[in-house]
file data19.cif (mmCIF, C-alpha atoms and all ligand atoms)
data_input
loop_
_atom_site.label_atom_id
_atom_site.label_comp_id
_atom_site.auth_asym_id
_atom_site.auth_seq_id
_atom_site.Cartn_x
_atom_site.Cartn_y
_atom_site.Cartn_z
CA MET A 11 -42.23 98.45 276.90
CA ASP A 12 -40.89 99.02 273.46
CA ALA A 13 -37.21 99.77 272.73
CA ILE A 14 -38.18 101.98 269.77
CA ASP A 15 -40.24 104.27 272.05
CA VAL A 16 -37.31 104.55 274.45
CA ILE A 17 -34.96 105.46 271.59
CA ARG A 18 -37.42 107.99 270.12
CA THR A 19 -37.96 109.68 273.49
CA LYS A 20 -34.24 110.29 273.94
CA ARG A 21 -33.63 111.07 270.26
CA ASP A 22 -36.21 113.87 270.46
CA GLY A 23 -34.68 115.33 273.62
CA GLY A 24 -37.26 114.01 276.08
CA GLN A 25 -36.62 112.59 279.53
CA LEU A 26 -36.83 108.82 279.98
CA SER A 27 -39.17 107.62 282.73
CA ALA A 28 -37.76 105.52 285.58
CA GLY A 29 -39.74 102.57 284.23
CA GLN A 30 -38.27 102.93 280.74
CA ILE A 31 -34.73 103.13 282.10
CA ARG A 32 -35.06 100.14 284.42
CA TRP A 33 -36.65 98.10 281.68
CA VAL A 34 -34.10 98.86 278.97
CA ILE A 35 -31.06 98.23 281.20
CA GLU A 36 -32.49 95.01 282.58
CA ALA A 37 -33.67 93.72 279.20
CA TYR A 38 -30.38 94.57 277.50
CA THR A 39 -28.33 92.84 280.22
CA ARG A 40 -30.28 89.60 279.77
CA GLY A 41 -30.08 89.86 275.95
CA ALA A 42 -33.73 90.74 275.27
CA VAL A 43 -32.94 94.06 273.54
CA SER A 44 -30.52 94.10 270.60
CA ASP A 45 -27.12 95.75 270.35
CA GLU A 46 -28.43 97.79 267.39
CA GLN A 47 -31.20 99.33 269.47
CA VAL A 48 -29.01 100.07 272.47
CA SER A 49 -26.35 101.55 270.13
CA ALA A 50 -28.98 103.99 268.86
CA LEU A 51 -30.04 104.83 272.42
CA LEU A 52 -26.43 105.42 273.51
CA MET A 53 -25.89 107.76 270.54
CA ALA A 54 -29.08 109.64 271.48
CA VAL A 55 -27.77 109.97 275.08
CA PHE A 56 -24.43 111.11 273.68
CA PHE A 57 -26.12 114.04 271.89
CA ARG A 58 -29.02 114.79 274.24
CA GLY A 59 -27.43 114.07 277.65
CA MET A 60 -29.40 113.07 280.73
CA ALA A 61 -31.02 115.08 283.53
CA PRO A 62 -29.53 114.42 287.02
CA ASP A 63 -32.52 112.40 288.28
CA GLU A 64 -32.68 110.44 285.02
CA LEU A 65 -28.96 109.61 285.31
CA ALA A 66 -29.36 108.55 288.95
CA VAL A 67 -32.04 106.02 287.93
CA TRP A 68 -29.88 104.84 284.98
CA THR A 69 -26.90 104.31 287.32
CA GLN A 70 -29.01 102.51 289.95
CA ALA A 71 -30.40 100.23 287.23
CA MET A 72 -26.81 99.36 286.28
CA VAL A 73 -25.98 98.62 289.94
CA ASP A 74 -29.13 96.47 290.20
CA SER A 75 -28.08 94.42 287.14
CA GLY A 76 -25.72 92.65 289.59
CA GLU A 77 -25.14 92.49 293.29
CA ARG A 78 -24.42 95.39 295.65
CA LYS A 79 -21.94 94.03 298.17
CA ASP A 80 -22.84 94.09 301.84
CA LEU A 81 -19.81 94.92 303.97
CA SER A 82 -21.74 95.56 307.20
CA SER A 83 -20.42 92.33 308.77
CA LEU A 84 -16.90 93.80 308.88
CA GLY A 85 -17.83 95.89 311.90
CA ARG A 86 -15.73 98.85 310.83
CA PRO A 87 -16.14 101.70 308.36
CA THR A 88 -15.22 101.14 304.72
CA ALA A 89 -13.85 103.59 302.17
CA ASP A 90 -12.90 103.22 298.54
CA LYS A 91 -11.08 105.25 295.90
CA HIS A 92 -11.33 105.53 292.14
CA SER A 93 -9.00 107.30 289.74
CA THR A 94 -10.10 108.14 286.23
CA GLY A 95 -6.63 107.00 285.18
CA GLY A 96 -3.33 108.59 284.38
CA VAL A 97 0.31 107.96 283.62
CA GLY A 98 2.42 106.87 286.59
CA ASP A 99 -0.68 106.92 288.80
CA LYS A 100 0.16 104.27 291.35
CA THR A 101 -1.55 105.90 294.35
CA THR A 102 -3.92 102.97 294.96
CA LEU A 103 -0.91 100.81 295.94
CA PRO A 104 0.25 102.86 298.94
CA LEU A 105 -3.22 104.32 299.66
CA ALA A 106 -5.15 101.11 300.36
CA PRO A 107 -2.75 99.82 303.07
CA LEU A 108 -2.31 103.33 304.45
CA VAL A 109 -6.04 103.88 305.03
CA ALA A 110 -6.40 100.33 306.38
CA ALA A 111 -3.59 101.09 308.84
CA CYS A 112 -5.77 103.95 310.11
CA GLY A 113 -8.63 101.56 310.99
CA VAL A 114 -10.81 101.86 307.89
CA ALA A 115 -11.33 98.83 305.61
CA VAL A 116 -10.53 99.38 301.92
CA PRO A 117 -12.27 97.13 299.38
CA GLN A 118 -10.58 97.99 296.11
CA LEU A 119 -11.85 96.20 293.03
CA SER A 120 -9.52 97.25 290.24
CA GLY A 121 -9.00 96.80 286.54
CA ARG A 122 -6.29 96.17 284.02
CA GLY A 123 -4.76 98.82 281.81
CA LEU A 124 -5.83 99.55 278.27
CA GLY A 125 -4.01 102.00 276.01
CA HIS A 126 -1.58 104.52 277.50
CA THR A 127 -2.75 104.36 281.14
CA GLY A 128 -1.64 101.52 283.38
CA GLY A 129 -3.85 99.16 285.36
CA THR A 130 -3.46 98.53 289.07
CA LEU A 131 -3.73 94.74 288.67
CA ASP A 132 -1.03 94.70 285.97
CA LYS A 133 1.28 96.58 288.32
CA LEU A 134 0.69 94.24 291.28
CA GLU A 135 1.11 91.17 289.10
CA SER A 136 4.78 92.09 288.71
CA ILE A 137 5.20 90.93 292.34
CA PRO A 138 6.20 87.24 292.17
CA GLY A 139 3.31 84.97 293.20
CA TRP A 140 0.66 87.73 293.61
CA ARG A 141 -2.83 86.78 292.41
CA ALA A 142 -5.55 89.22 291.33
CA ASP A 143 -8.42 86.74 291.76
CA VAL A 144 -9.84 86.55 295.26
CA HIS A 145 -13.05 84.63 295.90
CA GLU A 146 -15.94 86.14 297.84
CA GLU A 147 -15.20 84.46 301.19
CA ALA A 148 -11.47 85.11 301.02
CA TYR A 149 -12.23 88.70 300.05
CA LEU A 150 -14.29 89.33 303.18
CA ALA A 151 -11.80 87.42 305.35
CA GLN A 152 -8.90 89.53 304.02
CA LEU A 153 -10.84 92.74 304.61
CA ARG A 154 -11.49 91.61 308.17
CA ASP A 155 -7.95 90.35 308.93
CA VAL A 156 -5.73 92.70 306.91
CA GLY A 157 -8.10 95.62 306.29
CA ALA A 158 -7.29 96.07 302.61
CA VAL A 159 -7.75 94.07 299.44
CA ILE A 160 -6.93 95.06 295.87
CA CYS A 161 -8.28 92.47 293.44
CA ALA A 162 -10.14 91.85 290.18
CA ALA A 163 -13.85 92.56 290.04
CA GLY A 164 -16.06 89.49 289.55
CA ASN A 165 -18.69 89.15 286.83
CA ASP A 166 -21.52 89.99 289.21
CA LEU A 167 -20.37 93.59 289.70
CA ALA A 168 -22.64 95.78 287.52
CA PRO A 169 -22.79 93.33 284.58
CA ALA A 170 -24.81 95.89 282.59
CA ASP A 171 -21.66 98.01 282.45
CA LYS A 172 -19.61 95.25 280.84
CA LYS A 173 -22.09 95.03 277.95
CA LEU A 174 -22.69 98.76 277.66
CA TYR A 175 -18.97 99.61 277.81
CA ALA A 176 -18.12 97.08 275.10
CA LEU A 177 -20.86 98.55 272.91
CA ARG A 178 -19.76 102.15 273.56
CA ASP A 179 -16.24 101.16 272.62
CA VAL A 180 -17.30 100.20 269.08
CA THR A 181 -19.98 102.87 268.51
CA GLY A 182 -18.08 106.09 269.26
CA THR A 183 -20.05 106.74 272.46
CA VAL A 184 -17.34 106.46 275.11
CA GLU A 185 -16.72 110.23 275.45
CA SER A 186 -20.02 111.19 277.07
CA ILE A 187 -20.01 112.55 280.63
CA PRO A 188 -23.29 110.86 281.72
CA LEU A 189 -22.19 107.53 280.22
CA ILE A 190 -18.70 107.71 281.75
CA ALA A 191 -20.07 108.80 285.14
CA SER A 192 -22.72 106.07 285.28
CA SER A 193 -20.21 103.43 284.13
CA ILE A 194 -17.68 104.30 286.83
CA MET A 195 -20.19 104.96 289.60
CA SER A 196 -22.30 101.84 289.03
CA LYS A 197 -19.22 99.71 289.77
CA LYS A 198 -18.12 101.82 292.71
CA ILE A 199 -21.59 101.91 294.30
CA ALA A 200 -21.88 98.13 293.86
CA GLU A 201 -18.64 97.65 295.82
CA GLY A 202 -20.60 98.64 298.92
CA ALA A 203 -18.21 101.06 300.68
CA ASP A 204 -19.55 103.78 303.01
CA ALA A 205 -17.37 106.51 301.52
CA LEU A 206 -15.70 107.12 298.19
CA VAL A 207 -13.01 109.50 297.01
CA LEU A 208 -12.66 110.14 293.29
CA ASP A 209 -9.39 111.28 291.76
CA VAL A 210 -10.45 112.94 288.51
CA LYS A 211 -7.37 113.54 286.39
CA THR A 212 -7.04 116.42 283.97
CA GLY A 213 -4.46 117.10 281.25
CA SER A 214 -2.83 115.38 278.27
CA GLY A 215 -2.39 112.01 280.01
CA ALA A 216 -6.00 111.92 281.30
CA PHE A 217 -9.28 110.83 279.83
CA MET A 218 -10.50 114.43 280.20
CA LYS A 219 -7.98 116.83 278.71
CA ASP A 220 -9.37 120.13 280.03
CA VAL A 221 -10.16 121.30 283.54
CA ALA A 222 -13.79 122.35 282.81
CA SER A 223 -14.81 118.87 281.55
CA SER A 224 -12.95 117.20 284.43
CA VAL A 225 -14.84 119.36 286.93
CA GLU A 226 -18.14 118.55 285.20
CA LEU A 227 -17.36 114.81 285.32
CA ALA A 228 -16.38 115.13 288.99
CA ARG A 229 -19.63 116.97 289.87
CA THR A 230 -21.72 114.41 288.01
CA MET A 231 -20.06 111.47 289.76
CA VAL A 232 -20.28 113.10 293.21
CA GLY A 233 -24.02 113.65 292.60
CA LEU A 234 -24.50 110.00 291.65
CA GLY A 235 -22.57 108.73 294.68
CA GLU A 236 -24.59 110.87 297.09
CA ALA A 237 -27.87 109.86 295.40
CA ALA A 238 -26.94 106.22 296.13
CA GLY A 239 -26.13 106.96 299.79
CA VAL A 240 -22.33 106.84 299.44
CA HIS A 241 -20.47 109.80 300.96
CA THR A 242 -18.53 110.98 297.88
CA VAL A 243 -15.85 113.64 297.36
CA ALA A 244 -13.78 114.27 294.24
CA LEU A 245 -10.34 115.82 293.87
CA VAL A 246 -9.48 117.16 290.43
CA THR A 247 -5.73 116.61 289.98
CA ALA A 248 -3.01 117.34 287.42
CA MET A 249 -2.20 114.88 284.65
CA ASP A 250 -0.41 117.26 282.26
CA ARG A 251 2.76 115.49 283.46
CA PRO A 252 3.03 111.97 284.84
CA LEU A 253 2.88 111.31 288.56
CA GLY A 254 6.05 110.47 290.48
CA ARG A 255 9.19 109.27 288.74
CA ALA A 256 8.09 105.99 287.11
CA ALA A 257 5.47 104.68 284.67
CA GLY A 258 5.15 100.94 284.04
CA ASN A 259 4.48 97.93 286.20
CA ALA A 260 7.38 96.76 288.40
CA VAL A 261 8.84 100.28 288.42
CA GLU A 262 5.59 101.64 289.89
CA VAL A 263 5.49 98.93 292.55
CA ALA A 264 9.07 99.83 293.51
CA GLU A 265 8.11 103.50 293.78
CA SER A 266 5.04 102.68 295.89
CA VAL A 267 7.17 100.67 298.30
CA LYS A 268 9.45 103.71 298.69
CA VAL A 269 6.39 105.80 299.63
CA LEU A 270 5.32 103.16 302.16
CA ALA A 271 8.85 103.23 303.60
CA GLY A 272 8.44 106.96 304.28
CA GLY A 273 10.26 108.26 301.17
CA GLY A 274 9.29 108.42 297.49
CA PRO A 275 8.53 111.36 295.19
CA GLY A 276 6.87 114.37 296.83
CA ASP A 277 3.89 114.50 294.44
CA VAL A 278 2.98 110.83 295.02
CA VAL A 279 3.21 111.32 298.79
CA GLU A 280 1.16 114.55 298.67
CA LEU A 281 -1.60 113.04 296.54
CA THR A 282 -1.71 109.78 298.52
CA LEU A 283 -2.08 111.70 301.78
CA ALA A 284 -4.72 114.04 300.33
CA LEU A 285 -6.79 111.06 299.14
CA ALA A 286 -6.29 109.23 302.45
CA ARG A 287 -7.51 112.28 304.40
CA GLU A 288 -10.66 112.43 302.27
CA MET A 289 -11.34 108.71 302.77
CA LEU A 290 -10.88 109.00 306.54
CA ALA A 291 -12.99 112.18 306.77
CA GLY A 292 -15.68 110.50 304.67
CA VAL A 293 -16.24 107.93 307.43
CA GLY A 294 -15.95 110.42 310.29
CA ARG A 295 -12.26 109.82 311.05
CA GLY A 296 -11.04 113.25 309.96
CA ASP A 297 -9.08 113.56 313.22
CA VAL A 298 -6.67 110.74 312.22
CA ASP A 299 -3.49 111.90 310.47
CA PRO A 300 -2.45 109.27 307.88
CA ALA A 301 1.07 110.78 307.70
CA ASP A 302 1.76 109.12 311.08
CA ALA A 303 1.03 105.66 309.64
CA LEU A 304 3.51 106.27 306.80
CA ARG A 305 6.17 107.52 309.21
CA ASP A 306 5.92 104.77 311.80
CA GLY A 307 5.75 101.80 309.41
CA ARG A 308 2.14 100.73 310.08
CA ALA A 309 1.17 101.27 306.42
CA MET A 310 4.15 99.16 305.30
CA ASP A 311 3.10 96.36 307.66
CA VAL A 312 -0.39 96.29 306.12
CA TRP A 313 1.12 96.34 302.60
CA ARG A 314 3.24 93.27 303.40
CA ARG A 315 0.27 91.40 304.84
CA MET A 316 -1.97 92.43 301.93
CA ILE A 317 0.55 91.17 299.35
CA THR A 318 1.22 87.95 301.27
CA ALA A 319 -2.51 87.21 301.67
CA GLN A 320 -2.81 87.11 297.86
CA GLY A 321 0.16 84.76 297.38
CA GLY A 322 2.77 87.46 296.73
CA ASP A 323 6.25 87.66 298.21
CA PRO A 324 6.85 91.25 299.33
CA ASP A 325 10.60 90.56 299.65
CA ALA A 326 11.11 88.97 296.22
CA PRO A 327 13.19 90.97 293.75
CA LEU A 328 11.02 92.64 291.09
CA PRO A 329 11.52 91.75 287.41
CA GLN A 330 14.31 93.67 285.69
CA PRO A 331 14.36 94.67 282.00
CA ALA A 332 16.68 93.04 279.48
CA GLU A 333 17.35 96.42 277.84
CA ARG A 334 17.74 99.99 279.13
CA HIS A 335 18.07 103.10 277.00
CA VAL A 336 18.93 106.55 278.40
CA VAL A 337 17.58 109.85 277.02
CA THR A 338 19.50 112.94 278.17
CA ALA A 339 18.24 116.45 278.99
CA PRO A 340 18.29 118.64 275.86
CA ALA A 341 19.33 121.88 277.63
CA THR A 342 20.21 123.43 280.99
CA GLY A 343 17.40 125.16 282.89
CA THR A 344 14.03 124.41 284.49
CA LEU A 345 12.08 121.41 283.24
CA THR A 346 8.75 122.95 282.21
CA ARG A 347 7.30 120.12 280.14
CA LEU A 348 7.28 116.36 280.63
CA ASP A 349 4.21 115.38 278.68
CA ALA A 350 2.09 112.75 280.41
CA TYR A 351 0.49 111.37 277.27
CA ALA A 352 3.84 110.99 275.46
CA LEU A 353 5.39 109.17 278.42
CA GLY A 354 2.35 106.93 278.71
CA VAL A 355 2.53 106.00 275.03
CA ALA A 356 6.30 105.36 275.33
CA ALA A 357 5.78 103.02 278.33
CA TRP A 358 2.98 101.27 276.46
CA ARG A 359 5.14 100.77 273.34
CA LEU A 360 7.97 99.43 275.51
CA GLY A 361 5.57 96.66 276.57
CA ALA A 362 4.05 97.96 279.83
CA GLY A 363 0.53 98.30 278.40
CA ARG A 364 -1.78 96.51 276.02
CA ALA A 365 -3.66 97.49 272.85
CA ARG A 366 -6.30 94.74 273.15
CA LYS A 367 -7.84 93.31 276.33
CA GLU A 368 -6.31 89.87 275.71
CA ASP A 369 -2.71 91.08 275.14
CA PRO A 370 -0.05 90.20 277.76
CA VAL A 371 1.96 92.96 279.44
CA SER A 372 5.62 93.02 280.38
CA ALA A 373 6.26 93.41 284.12
CA ALA A 374 9.69 94.97 283.61
CA ALA A 375 8.84 97.47 280.86
CA GLY A 376 8.35 101.17 281.54
CA VAL A 377 9.99 104.57 281.83
CA VAL A 378 11.68 106.16 284.83
CA TRP A 379 12.79 109.79 284.99
CA THR A 380 15.25 111.65 287.19
CA ALA A 381 13.55 115.08 287.40
CA GLY A 382 9.99 116.35 287.55
CA VAL A 383 8.48 119.56 286.17
CA GLY A 384 9.73 122.65 287.99
CA GLU A 385 13.13 121.06 288.71
CA ARG A 386 16.51 122.12 287.32
CA VAL A 387 18.21 119.93 284.74
CA VAL A 388 21.64 120.18 283.11
CA ALA A 389 22.17 119.57 279.38
CA GLY A 390 23.37 116.00 278.80
CA GLN A 391 22.34 114.61 282.20
CA PRO A 392 20.39 111.33 282.06
CA LEU A 393 16.71 112.36 282.17
CA LEU A 394 14.64 109.37 281.04
CA GLU A 395 15.50 105.68 281.21
CA LEU A 396 13.48 103.37 278.97
CA HIS A 397 13.05 99.78 280.17
CA THR A 398 12.02 96.92 277.90
CA ASP A 399 12.42 93.19 277.32
CA ASP A 400 12.75 93.77 273.59
CA ALA A 401 15.24 96.28 272.16
CA ALA A 402 13.25 96.42 268.89
CA ARG A 403 10.56 98.37 270.78
CA ILE A 404 12.88 101.28 271.64
CA PRO A 405 12.73 103.29 268.35
CA ARG A 406 8.90 103.53 268.44
CA ALA A 407 9.02 104.57 272.10
CA LEU A 408 11.55 107.30 271.22
CA GLU A 409 9.22 108.48 268.46
CA ALA A 410 6.43 108.90 271.03
CA LEU A 411 8.78 111.02 273.14
CA GLU A 412 9.53 113.56 270.40
CA GLY A 413 8.60 116.99 271.75
CA ALA A 414 7.67 115.54 275.15
CA VAL A 415 10.42 117.32 277.09
CA GLY A 416 10.69 121.12 277.38
CA VAL A 417 13.34 123.10 279.26
CA ASP A 418 12.52 126.80 279.94
CA ALA A 419 9.83 126.41 277.29
CA GLY A 420 7.42 128.86 278.93
CA GLU A 421 4.70 126.39 279.98
CA GLN A 422 3.03 126.74 283.34
CA PRO A 423 2.45 123.26 284.82
CA LEU A 424 -0.94 122.77 286.51
CA PRO A 425 -1.04 122.74 290.33
CA LEU A 426 -1.19 119.11 291.55
CA LEU A 427 -4.51 119.61 293.38
CA LEU A 428 -6.79 121.78 291.24
CA ASP A 429 -10.21 121.46 292.80
CA ARG A 430 -12.22 119.67 295.46
CA ILE A 431 -15.84 118.83 294.65
CA THR A 432 -18.40 117.96 297.30
CA ALA A 433 -22.16 117.50 297.15
N1 LIG B 1 -13.83 103.99 282.95
C1 LIG B 1 -14.98 103.30 283.09
O1 LIG B 1 -15.09 102.42 283.92
N2 LIG B 1 -16.02 103.62 282.31
C2 LIG B 1 -15.96 104.61 281.38
O2 LIG B 1 -16.94 104.86 280.71
C3 LIG B 1 -14.76 105.30 281.24
C4 LIG B 1 -13.71 104.98 282.04
#
call {"tool": "encode", "arguments": {"input": "data19.cif", "output": "structure tokens"}}
result
Amino acid sequence: MDAIDVIRTKRDGGQLSAGQIRWVIEAYTRGAVSDEQVSALLMAVFFRGMAPDELAVWTQAMVDSGERKDLSSLGRPTADKHSTGGVGDKTTLPLAPLVAACGVAVPQLSGRGLGHTGGTLDKLESIPGWRADVHEEAYLAQLRDVGAVICAAGNDLAPADKKLYALRDVTGTVESIPLIASSIMSKKIAEGADALVLDVKTGSGAFMKDVASSVELARTMVGLGEAAGVHTVALVTAMDRPLGRAAGNAVEVAESVKVLAGGGPGDVVELTLALAREMLAGVGRGDVDPADALRDGRAMDVWRRMITAQGGDPDAPLPQPAERHVVTAPATGTLTRLDAYALGVAAWRLGAGRARKEDPVSAAAGVVWTAGVGERVVAGQPLLELHTDDAARIPRALEALEGAVGVDAGEQPLPLLLDRITA
């Protein structure tokens, strides 16, 4: 095989053979094809796209660059969830213990946040003592004993993606539906669950800003999941405004605990239950109502055991910010705009997120708000509260929030659940 032939085929709009794809992914992962050549190939894919069967082989080759986990020894069905990322999106935290409480094991390998969206591991690390690293044996033991684990992915999970993603990041080839879909799905397929639900966000705070591209991404990922034998469903959900009432790390853990206690914001509860129902239905347990496990405390019990198993203290007070700054409502009327992207950038600038992979995050930083879109606000009432460890960060966060709030401004917020995509 010759990398130049592979590049030329795609550059000229041809379809890569299965042999070419398997060779180039394998050779690149072990360092036998250069970054320059794979950069050119990625740019050709960016412009030419990939046919569904071509993309399925590409994704499988990425899975095969590492190990596909075997969860069959657990003796119970397994279901997983992936969100394309949004502001205030903490649903993984209540969802994993909730689905586990319904008898389905949830192996959830998660990431850290980059840019304006938060990372699940960063959020959980605000719980004193909690550790993201769980070794293979402890991982399986926790899945068996507790039913749910949320932890960092090891280096053997689709290693091709690590290299390809880093290269896409510096070559302007991130925003390509086949490349995004194969990147996400290679990791999810390698996790080894029987069923997968995808939460594809759409709107200003999402990766995909418009509904049509979000639906296309969702369809592509569902096709890849099914081609790999994983029962996959996608929900396309609103991210024009943030989810719930908090964006940050400790503040999102606190909100998740409220949901597990049977309360919490209505949109977080609705989305968590919708995702839980899809996960249960995906493994043939569609008759189980997850709302019961929220109501009767079973989901909270699993949460406490899940946190404790990873060294965390579920009763420890969460970190509090050194500084708080209140922003009031600008007018009386219905809140029609609370821009997800602006709030995400504000939380990030307050210290909740990172600009580079190696940056630390602040557990206590973030934004909480007292009203969601569609609710009535009164001029001068406290609307947003900014949390930070460093008061010098507040002016830049306020800059990000300029124009983020609209009262009776004529916008029509998106419905929370916009579409459901199946194979
Ligand atoms: N998340 C991923 O894992 N990969 C992408 O390409 C984009 C988002």
call {"tool": "closest_atom_pairs", "arguments": {"input": "data19.cif", "of": "chain A", "to": "ligand LIG 1 (chain B)", "cutoff": "10 Å", "atoms": "all atoms listed in the file", "output": "JSON lines"}}
result
{"residue": "A:His92", "atom": "CA", "partner": "B:LIG1", "partner_atom": "O1", "distance": 9.6}
{"residue": "A:Ser93", "atom": "CA", "partner": "B:LIG1", "partner_atom": "N1", "distance": 9.0}
{"residue": "A:Thr94", "atom": "CA", "partner": "B:LIG1", "partner_atom": "C4", "distance": 6.4}
{"residue": "A:Gly95", "atom": "CA", "partner": "B:LIG1", "partner_atom": "C4", "distance": 8.0}
{"residue": "A:Ser120", "atom": "CA", "partner": "B:LIG1", "partner_atom": "O1", "distance": 9.9}
{"residue": "A:Gly121", "atom": "CA", "partner": "B:LIG1", "partner_atom": "O1", "distance": 8.7}
{"residue": "A:Asp171", "atom": "CA", "partner": "B:LIG1", "partner_atom": "N2", "distance": 8.0}
{"residue": "A:Lys172", "atom": "CA", "partner": "B:LIG1", "partner_atom": "O1", "distance": 9.0}
{"residue": "A:Leu174", "atom": "CA", "partner": "B:LIG1", "partner_atom": "O2", "distance": 8.9}
{"residue": "A:Tyr175", "atom": "CA", "partner": "B:LIG1", "partner_atom": "O2", "distance": 6.3}
{"residue": "A:Ala176", "atom": "CA", "partner": "B:LIG1", "partner_atom": "O2", "distance": 9.7}
{"residue": "A:Arg178", "atom": "CA", "partner": "B:LIG1", "partner_atom": "O2", "distance": 8.1}
{"residue": "A:Asp179", "atom": "CA", "partner": "B:LIG1", "partner_atom": "O2", "distance": 8.9}
{"residue": "A:Thr183", "atom": "CA", "partner": "B:LIG1", "partner_atom": "O2", "distance": 9.0}
{"residue": "A:Val184", "atom": "CA", "partner": "B:LIG1", "partner_atom": "O2", "distance": 5.8}
{"residue": "A:Glu185", "atom": "CA", "partner": "B:LIG1", "partner_atom": "O2", "distance": 7.5}
{"residue": "A:Ser186", "atom": "CA", "partner": "B:LIG1", "partner_atom": "O2", "distance": 7.9}
{"residue": "A:Ile187", "atom": "CA", "partner": "B:LIG1", "partner_atom": "O2", "distance": 8.3}
{"residue": "A:Pro188", "atom": "CA", "partner": "B:LIG1", "partner_atom": "O2", "distance": 8.8}
{"residue": "A:Leu189", "atom": "CA", "partner": "B:LIG1", "partner_atom": "O2", "distance": 5.9}
{"residue": "A:Ile190", "atom": "CA", "partner": "B:LIG1", "partner_atom": "O2", "distance": 3.5}
{"residue": "A:Ala191", "atom": "CA", "partner": "B:LIG1", "partner_atom": "O2", "distance": 6.7}
{"residue": "A:Ser192", "atom": "CA", "partner": "B:LIG1", "partner_atom": "O2", "distance": 7.5}
{"residue": "A:Ser193", "atom": "CA", "partner": "B:LIG1", "partner_atom": "N2", "distance": 4.6}
{"residue": "A:Ile194", "atom": "CA", "partner": "B:LIG1", "partner_atom": "O1", "distance": 4.3}
{"residue": "A:Met195", "atom": "CA", "partner": "B:LIG1", "partner_atom": "O1", "distance": 8.0}
{"residue": "A:Ser196", "atom": "CA", "partner": "B:LIG1", "partner_atom": "O1", "distance": 8.9}
{"residue": "A:Lys197", "atom": "CA", "partner": "B:LIG1", "partner_atom": "O1", "distance": 7.7}
{"residue": "A:Lys198", "atom": "CA", "partner": "B:LIG1", "partner_atom": "O1", "distance": 9.3}
{"residue": "A:Phe217", "atom": "CA", "partner": "B:LIG1", "partner_atom": "C4", "distance": 7.7}
call {"tool": "atom_distance", "arguments": {"input": "data19.cif", "atom1": "CA of Gly292 (chain A)", "atom2": "CA of Leu227 (chain A)"}}
result
19.9 Å
call {"tool": "closest_residue", "arguments": {"input": "data19.cif", "among": "A:Pro340, A:Pro324, A:Gly361, A:Gly354", "to": "Val417 (chain A)", "atoms": "all atoms listed in the file"}}
result
A:Pro340
call {"tool": "closest_atom_pairs", "arguments": {"input": "data19.cif", "of": "region 225-276 of chain A", "to": "region 395-416 of chain A", "cutoff": "12 Å", "atoms": "only C-alpha atoms", "output": "CSV"}}
result
residue,atom,partner,partner_atom,distance
A:Asp250,CA,A:Ala414,CA,10.9
A:Arg251,CA,A:Ala414,CA,9.7
A:Pro252,CA,A:Ala414,CA,11.3
A:Arg255,CA,A:Glu395,CA,10.5
A:Ala256,CA,A:Glu395,CA,9.5
A:Ala257,CA,A:Leu396,CA,9.9
A:Gly258,CA,A:His397,CA,8.9
A:Asn259,CA,A:His397,CA,10.6
A:Ala260,CA,A:His397,CA,10.4
A:Val261,CA,A:His397,CA,9.3
call {"tool": "residues_around", "arguments": {"input": "data19.cif", "residues": "region 128-134 of chain A", "least_positions_apart": "6", "cutoff": "9 Å", "atoms": "only C-alpha atoms", "output": "number ranges by chain"}}
result
A: 95-100, 102-103, 120-122, 140-142, 160-162, 257-263, 317, 322, 354, 358, 362-364, 371-373
call {"tool": "closest_residue", "arguments": {"input": "data19.cif", "among": "A:Ile137, A:Met310, A:Ala110, A:Leu393", "to": "Pro327 (chain A)", "atoms": "all atoms listed in the file"}}
result
A:Ile137
call {"tool": "closest_residue", "arguments": {"input": "data19.cif", "among": "A:Gly307, A:Gly202, A:Gly376, A:Gly274", "to": "Thr88 (chain A)", "atoms": "only C-alpha atoms"}}
result
A:Gly202
call {"tool": "closest_residue", "arguments": {"input": "data19.cif", "among": "A:Thr242, A:Leu270, A:Pro370, A:Gly24", "to": "Thr230 (chain A)", "atoms": "all atoms listed in the file"}}
result
A:Thr242
call {"tool": "atom_distance", "arguments": {"input": "data19.cif", "atom1": "CA of Met53 (chain A)", "atom2": "CA of Gly123 (chain A)"}}
result
25.6 Å
call {"tool": "atom_distance", "arguments": {"input": "data19.cif", "atom1": "CA of Asp45 (chain A)", "atom2": "CA of Ala216 (chain A)"}}
result
28.8 Å
call {"tool": "closest_residue", "arguments": {"input": "data19.cif", "among": "A:Leu253, A:Ile431, A:Ala350, A:Leu108", "to": "Asp306 (chain A)", "atoms": "all atoms listed in the file"}}
result
A:Leu108
call {"tool": "closest_residue", "arguments": {"input": "data19.cif", "among": "A:Cys112, A:Ala42, A:Ala163, A:Met249", "to": "Arg287 (chain A)", "atoms": "all atoms listed in the file"}}
result
A:Cys112
call {"tool": "residues_around", "arguments": {"input": "data19.cif", "residues": "Ile17 (chain A)", "least_positions_apart": "4", "cutoff": "7 Å", "atoms": "only C-alpha atoms", "output": "VMD selection string"}}
result
chain A and resid 13 21 50 to 51
call {"tool": "residues_around", "arguments": {"input": "data19.cif", "residues": "Asp299 (chain A)", "least_positions_apart": "5", "cutoff": "12 Å", "atoms": "all atoms listed in the file", "output": "PyMOL selection string"}}
result
chain A and resi 108-109+111-113+283-291+304-306
